[in-house]
>>> print(open('start-v7.txt').read())   # compact mmCIF, C-alpha atoms
# COMPACT_ATOMS: atom_id res chain seq x y z
CA PHE A 371 45.69 8.21 -45.08
CA LEU A 372 44.33 6.54 -48.20
CA LEU A 373 41.09 4.73 -47.59
CA THR A 374 39.61 2.22 -49.96
CA VAL A 375 36.12 0.82 -50.09
CA PHE A 376 36.31 -2.37 -52.12
CA ILE A 377 32.94 -3.81 -53.10
CA GLY A 378 32.91 -6.32 -55.92
CA GLU A 379 34.47 -4.74 -59.00
CA THR A 380 34.14 -1.13 -57.79
CA VAL A 381 36.82 0.69 -55.83
CA TYR A 382 36.13 4.01 -54.13
CA VAL A 383 39.12 6.01 -52.92
CA SER A 384 39.34 9.04 -50.64
CA ALA A 385 42.16 10.85 -48.88
CA HIS A 386 39.98 11.37 -45.82
CA ALA A 387 37.70 9.37 -43.56
CA ARG A 388 34.60 10.46 -45.49
CA VAL A 389 34.21 7.68 -48.04
CA VAL A 390 31.02 7.97 -50.06
CA ALA A 391 30.01 6.02 -53.15
CA SER A 392 27.97 8.04 -55.62
CA SER A 393 24.89 5.85 -55.35
CA GLU A 394 25.40 4.35 -51.91
CA LYS A 395 25.05 5.42 -48.32
CA PRO A 396 28.17 6.73 -46.58
CA ARG A 397 30.06 3.80 -45.05
CA ALA A 398 29.50 5.19 -41.56
CA GLN A 399 25.73 4.83 -42.09
CA ARG A 400 25.76 1.37 -43.64
CA THR A 401 24.55 -1.44 -41.41
CA PRO A 402 26.10 -4.92 -41.32
CA GLU A 403 22.93 -6.25 -43.00
CA GLU A 404 23.31 -3.74 -45.85
CA THR A 405 26.93 -4.78 -46.26
CA ALA A 406 25.75 -8.38 -46.62
CA GLU A 407 23.09 -7.38 -49.15
CA MET A 408 25.63 -5.53 -51.30
CA LEU A 409 28.00 -8.47 -51.28
CA ALA A 410 25.26 -10.88 -52.32
CA ASN A 411 25.57 -9.52 -55.88
CA ALA A 412 29.28 -8.78 -55.88
CA LYS A 413 31.88 -10.49 -58.04
CA ARG A 414 33.61 -13.51 -56.57
CA TYR A 415 37.36 -14.00 -56.90
CA THR A 416 38.99 -17.42 -57.00
CA GLY A 417 42.59 -18.58 -56.84
CA VAL A 418 43.65 -15.83 -54.41
CA ALA A 419 45.01 -18.10 -51.68
CA ASN A 420 47.98 -20.36 -52.37
CA ARG A 421 50.17 -22.88 -50.59
CA ASN A 422 52.66 -20.20 -49.50
CA ASP A 423 50.11 -18.34 -47.37
CA ALA A 424 50.06 -18.45 -43.59
CA THR A 425 46.76 -19.98 -42.51
CA LYS A 426 44.86 -20.77 -39.34
CA GLY A 427 41.99 -23.25 -39.31
CA PRO A 428 41.14 -26.41 -41.28
CA LYS A 429 40.93 -26.50 -45.07
CA SER A 430 37.51 -28.07 -44.66
CA ALA A 431 36.12 -24.98 -42.88
CA PRO A 432 32.95 -23.70 -44.62
CA TYR A 433 34.13 -20.08 -44.41
CA GLU A 434 37.47 -18.73 -45.55
CA ILE A 435 38.52 -15.18 -44.68
CA ILE A 436 41.48 -13.86 -46.64
CA GLU A 437 43.00 -10.67 -45.27
CA PHE A 438 45.41 -8.39 -47.14
CA SER A 439 47.30 -6.60 -44.39
CA ASP A 440 50.18 -4.27 -43.57
CA PHE A 441 52.06 -4.59 -40.27
CA ARG A 442 52.47 -0.82 -39.99
CA CYS A 443 48.81 -0.06 -40.73
CA PRO A 444 46.99 1.08 -37.54
CA TYR A 445 43.65 -0.11 -38.90
CA CYS A 446 45.10 -3.54 -39.66
CA ARG A 447 46.17 -3.68 -36.03
CA LYS A 448 42.58 -3.01 -34.95
CA ALA A 449 41.19 -5.42 -37.54
CA ASP A 450 43.41 -8.17 -36.15
CA LYS A 451 41.40 -8.06 -32.92
CA THR A 452 38.20 -8.38 -34.95
CA ILE A 453 39.52 -11.45 -36.76
CA SER A 454 40.58 -12.99 -33.46
CA ARG A 455 37.07 -12.51 -32.08
CA LEU A 456 35.54 -14.18 -35.12
CA LYS A 457 37.90 -17.11 -34.78
CA GLU A 458 36.88 -17.48 -31.14
CA ASP A 459 33.19 -17.31 -32.07
CA TYR A 460 33.27 -19.73 -35.00
CA HIS A 461 36.25 -21.94 -34.13
CA ASP A 462 36.88 -24.51 -36.86
CA LYS A 463 34.10 -23.14 -39.06
CA VAL A 464 36.44 -20.34 -40.18
CA ARG A 465 39.79 -20.61 -41.91
CA LEU A 466 42.01 -17.52 -41.87
CA VAL A 467 44.44 -16.76 -44.70
CA PHE A 468 46.98 -13.95 -44.36
CA LYS A 469 48.38 -12.10 -47.37
CA HIS A 470 50.85 -9.23 -47.39
CA PHE A 471 50.03 -5.83 -48.88
CA PRO A 472 52.50 -3.38 -47.29
CA LEU A 473 51.88 0.27 -48.18
CA ASP A 474 55.61 0.78 -48.57
CA ALA A 475 57.00 2.00 -51.88
CA SER A 476 60.19 -0.02 -51.46
CA CYS A 477 58.31 -3.16 -52.54
CA ASN A 478 54.83 -1.93 -53.52
CA GLU A 479 55.30 -0.16 -56.83
CA THR A 480 51.69 1.05 -56.99
CA LEU A 481 52.40 3.75 -54.40
CA LYS A 482 53.28 7.28 -55.42
CA PHE A 483 54.67 8.04 -51.97
CA ASN A 484 55.92 5.95 -49.08
CA MET A 485 53.07 5.66 -46.60
CA HIS A 486 54.49 3.04 -44.23
CA PRO A 487 58.31 2.89 -44.33
CA GLY A 488 59.61 -0.41 -43.02
CA ALA A 489 56.39 -2.30 -43.75
CA CYS A 490 58.01 -4.29 -46.57
CA LEU A 491 60.83 -5.39 -44.28
CA ALA A 492 58.29 -6.38 -41.61
CA ALA A 493 56.39 -8.44 -44.19
CA GLN A 494 59.62 -10.18 -45.18
CA ALA A 495 60.36 -10.88 -41.53
CA ALA A 496 56.93 -12.46 -41.13
CA VAL A 497 57.62 -14.66 -44.18
CA CYS A 498 60.83 -15.76 -42.46
CA ALA A 499 59.00 -16.45 -39.21
CA GLN A 500 56.64 -18.64 -41.23
CA SER A 501 59.62 -20.71 -42.39
CA PHE A 502 60.33 -21.38 -38.69
CA ALA A 503 56.65 -22.32 -38.17
CA ARG A 504 56.25 -19.26 -35.92
CA PHE A 505 54.25 -16.98 -38.20
CA TRP A 506 51.23 -16.35 -35.96
CA GLU A 507 53.29 -15.74 -32.82
CA TYR A 508 55.47 -13.29 -34.75
CA HIS A 509 52.42 -11.72 -36.40
CA ASP A 510 50.91 -11.06 -32.96
CA LEU A 511 54.15 -9.60 -31.65
CA LEU A 512 54.49 -7.25 -34.63
CA PHE A 513 51.08 -5.76 -33.89
CA GLU A 514 51.45 -5.77 -30.10
CA GLU A 515 54.82 -3.97 -30.14
CA ASN A 516 54.21 -1.95 -33.28
CA ASP A 517 55.31 1.44 -32.00
CA ALA A 518 58.59 0.16 -30.57
CA ILE A 519 59.43 -1.97 -33.62
CA PHE A 520 59.12 0.87 -36.12
CA LYS A 521 61.25 3.30 -34.11
CA GLY A 522 65.00 3.38 -34.66
CA ASP A 523 66.62 0.43 -36.43
CA VAL A 524 63.62 -1.50 -37.78
CA LYS A 525 65.70 -4.42 -39.04
CA ALA A 526 67.43 -4.86 -35.70
CA ASN A 527 64.08 -4.67 -33.92
CA LEU A 528 62.60 -7.33 -36.18
CA ILE A 529 65.57 -9.63 -35.58
CA ASP A 530 65.31 -9.05 -31.83
CA ARG A 531 61.66 -10.17 -31.82
CA ALA A 532 62.53 -13.27 -33.83
CA GLU A 533 65.21 -14.22 -31.30
CA ARG A 534 62.77 -13.64 -28.48
CA LEU A 535 60.47 -16.25 -30.02
CA GLY A 536 63.31 -18.75 -30.23
CA MET A 537 64.29 -18.39 -33.88
CA ASN A 538 67.95 -18.79 -34.76
CA ARG A 539 69.44 -15.33 -35.27
CA GLU A 540 71.79 -16.13 -38.13
CA ALA A 541 69.25 -18.24 -39.99
CA PHE A 542 66.62 -15.52 -39.59
CA ILE A 543 68.99 -12.83 -40.91
CA GLY A 544 69.88 -15.09 -43.82
CA CYS A 545 66.21 -15.47 -44.68
CA LEU A 546 65.59 -11.74 -44.31
CA GLU A 547 68.38 -11.00 -46.79
CA ASP A 548 67.33 -13.74 -49.19
CA PRO A 549 65.54 -12.36 -52.30
CA ALA A 550 63.07 -15.24 -51.98
CA SER A 551 61.40 -13.72 -48.91
CA LEU A 552 60.91 -10.43 -50.73
CA ALA A 553 59.61 -12.30 -53.78
CA GLN A 554 56.88 -13.91 -51.67
CA VAL A 555 55.78 -10.51 -50.37
CA LYS A 556 55.74 -9.09 -53.89
CA ALA A 557 53.69 -12.05 -55.12
CA ASP A 558 51.01 -11.20 -52.54
CA ILE A 559 51.08 -7.55 -53.59
CA GLN A 560 50.68 -8.52 -57.22
CA LYS A 561 47.70 -10.72 -56.41
CA GLY A 562 46.13 -7.83 -54.52
CA ILE A 563 46.70 -5.51 -57.46
CA GLU A 564 45.10 -8.03 -59.83
CA ILE A 565 41.86 -8.01 -57.87
CA GLY A 566 41.85 -4.24 -57.37
CA ILE A 567 42.98 -3.78 -53.78
CA GLN A 568 44.37 -0.32 -53.06
CA GLY A 569 44.26 -0.10 -49.28
CA THR A 570 44.43 -2.15 -46.09
CA PRO A 571 42.93 -4.01 -44.40
CA ALA A 572 40.98 -5.64 -47.22
CA PHE A 573 39.08 -8.92 -46.91
CA LEU A 574 37.62 -11.69 -48.98
CA LEU A 575 34.97 -13.93 -47.46
CA ASN A 576 34.73 -17.08 -49.57
CA GLY A 577 35.96 -15.01 -52.50
CA TRP A 578 33.73 -11.95 -52.10
CA ALA A 579 35.84 -8.89 -51.41
CA PHE A 580 35.11 -5.98 -49.14
CA TYR A 581 36.85 -3.35 -47.08
CA LEU A 582 35.99 -2.08 -43.61
CA ALA A 583 36.60 1.65 -43.32
CA PRO A 584 38.66 2.79 -40.28
CA PHE A 585 35.56 3.80 -38.33
CA GLN A 586 34.25 0.23 -38.74
CA VAL A 587 37.35 -1.61 -37.55
CA GLY A 588 36.75 -1.04 -33.86
CA ALA A 589 35.03 -3.14 -31.24
CA ASN A 590 31.91 -3.75 -33.33
CA ALA A 591 33.65 -4.54 -36.61
CA ALA A 592 32.94 -8.26 -36.24
CA ASP A 593 29.27 -7.39 -36.67
CA HIS A 594 29.99 -6.69 -40.36
CA PHE A 595 31.28 -10.23 -40.81
CA ARG A 596 28.61 -12.09 -38.90
CA PRO A 597 25.68 -11.36 -41.27
CA LEU A 598 27.81 -12.59 -44.17
CA ILE A 599 28.51 -15.84 -42.40
CA LYS A 600 24.99 -16.15 -41.01
CA LYS A 601 23.30 -15.70 -44.37
CA ASN A 602 25.64 -18.22 -45.94
CA LEU A 603 26.42 -16.06 -48.96
CA ALA A 604 28.71 -18.71 -50.38
CA THR A 605 30.13 -22.15 -49.96
CA ARG A 606 33.68 -23.02 -50.86
>>> encode(input="start-v7.txt", output="structure tokens")
Amino acid sequence: FLLTVFIGETVYVSAHARVVASSEKPRAQRTPEETAEMLANAKRYTGVANRNDATKGPKSAPYEIIEFSDFRCPYCRKADKTISRLKEDYHDKVRLVFKHFPLDASCNETLKFNMHPGACLAAQAAVCAQSFARFWEYHDLLFEENDAIFKGDVKANLIDRAERLGMNREAFIGCLEDPASLAQVKADIQKGIEIGIQGTPAFLLNGWAFYLAPFQVGANAADHFRPLIKKNLATR
């Protein structure tokens, strides 16, 4: 599994869970406070979110968390629980923005091999669910029933979940087969490429980008966000 540590303008890549920057502590040893300190001097990215993104929370929220995610990524599934906890803790002080970055070579041309087959189709399906104003319900279902969805006929499984949430079957299929839904996914991928993202999940907090390694996306992962919010590293 390709892991990426994304801090400011520097990207560190490893094929294993041992991700070590040449002049930094191993990620497993870095504290949430040290993560905050590193980000204090990191580059800020603007113009990443757009009107096509699925969002949760008011535009006026002082903190915006943008997540680049992949519905077949097991660490994204864990990170989703972290984001939910933060939303519960901070309520309307946090605005969530979801962007697609499937590690699937059928739509992500940066990949040399297909890591997550079916992830592009799942991203398209989520775009379609958004057109029915059911993105977050569908998003949750994709992660909750991940194993079952990606076994067998993925397309049929995605359509089945859409119907279960009350979306019109024929309209959903039409959207799924419409090049426009794929174009929206590819636009997110391109934006991720432009700012240097190579793995998922990747986050931007008010424009500062960072990545939580797999061993940080568990129950205590929210602790790596809280110091960033607490120290008020940025205002929108």
>>> closest_residue(input="start-v7.txt", among="A:Leu552, A:Leu512, A:Val418, A:Leu481", to="A:Ile565", atoms="all atoms listed in the file")
A:Val418
>>> closest_residue(input="start-v7.txt", among="A:Phe595, A:Asn478, A:Gly577, A:Met537", to="A:Glu434", atoms="all atoms listed in the file")
A:Gly577
>>> closest_residue(input="start-v7.txt", among="A:Ser439, A:Thr416, A:Gln494, A:Thr425", to="A:Gln554", atoms="only C-alpha atoms")
A:Gln494
>>> residues_around(input="start-v7.txt", residues="A:Pro428", least_positions_apart="5", cutoff="9 Å", atoms="only C-alpha atoms", output="list in words")
Asp462, Lys463, Val464, Arg465 and Leu466 of chain A
>>> atom_distance(input="start-v7.txt", atom1="atom CA of A:Phe438", atom2="atom CA of A:Lys469")
4.8 Å
>>> closest_residue(input="start-v7.txt", among="A:Gly488, A:Tyr415, A:Ala493, A:Arg442", to="A:Ala557", atoms="only C-alpha atoms")
A:Ala493
>>> residues_near_point(input="start-v7.txt", point="(36.0, -13.5, -46.1)", cutoff="6 Å", atoms="only C-alpha atoms", output="number ranges by chain")
A: 434-436, 573-576
>>> closest_residue(input="start-v7.txt", among="A:Lys561, A:His509, A:Lys457, A:Lys482", to="A:Ala495", atoms="all atoms listed in the file")
A:His509
>>> atom_distance(input="start-v7.txt", atom1="atom CA of A:Trp506", atom2="atom CA of A:Pro432")
21.5 Å
>>> atom_distance(input="start-v7.txt", atom1="atom CA of A:Pro549", atom2="atom CA of A:Ile519")
22.2 Å
>>> closest_residue(input="start-v7.txt", among="A:Tyr460, A:Phe513, A:Trp578, A:Phe542", to="A:Pro444", atoms="all atoms listed in the file")
A:Phe513
>>> residues_around(input="start-v7.txt", residues="A:Asp423", least_positions_apart="3", cutoff="7 Å", atoms="all atoms listed in the file", output="PyMOL selection string")
chain A and resi 419-420+467-469
>>> residues_around(input="start-v7.txt", residues="A:Glu479", least_positions_apart="3", cutoff="12 Å", atoms="all atoms listed in the file", output="PyMOL selection string")
chain A and resi 471-476+482-485+490+556+559-560+563+568
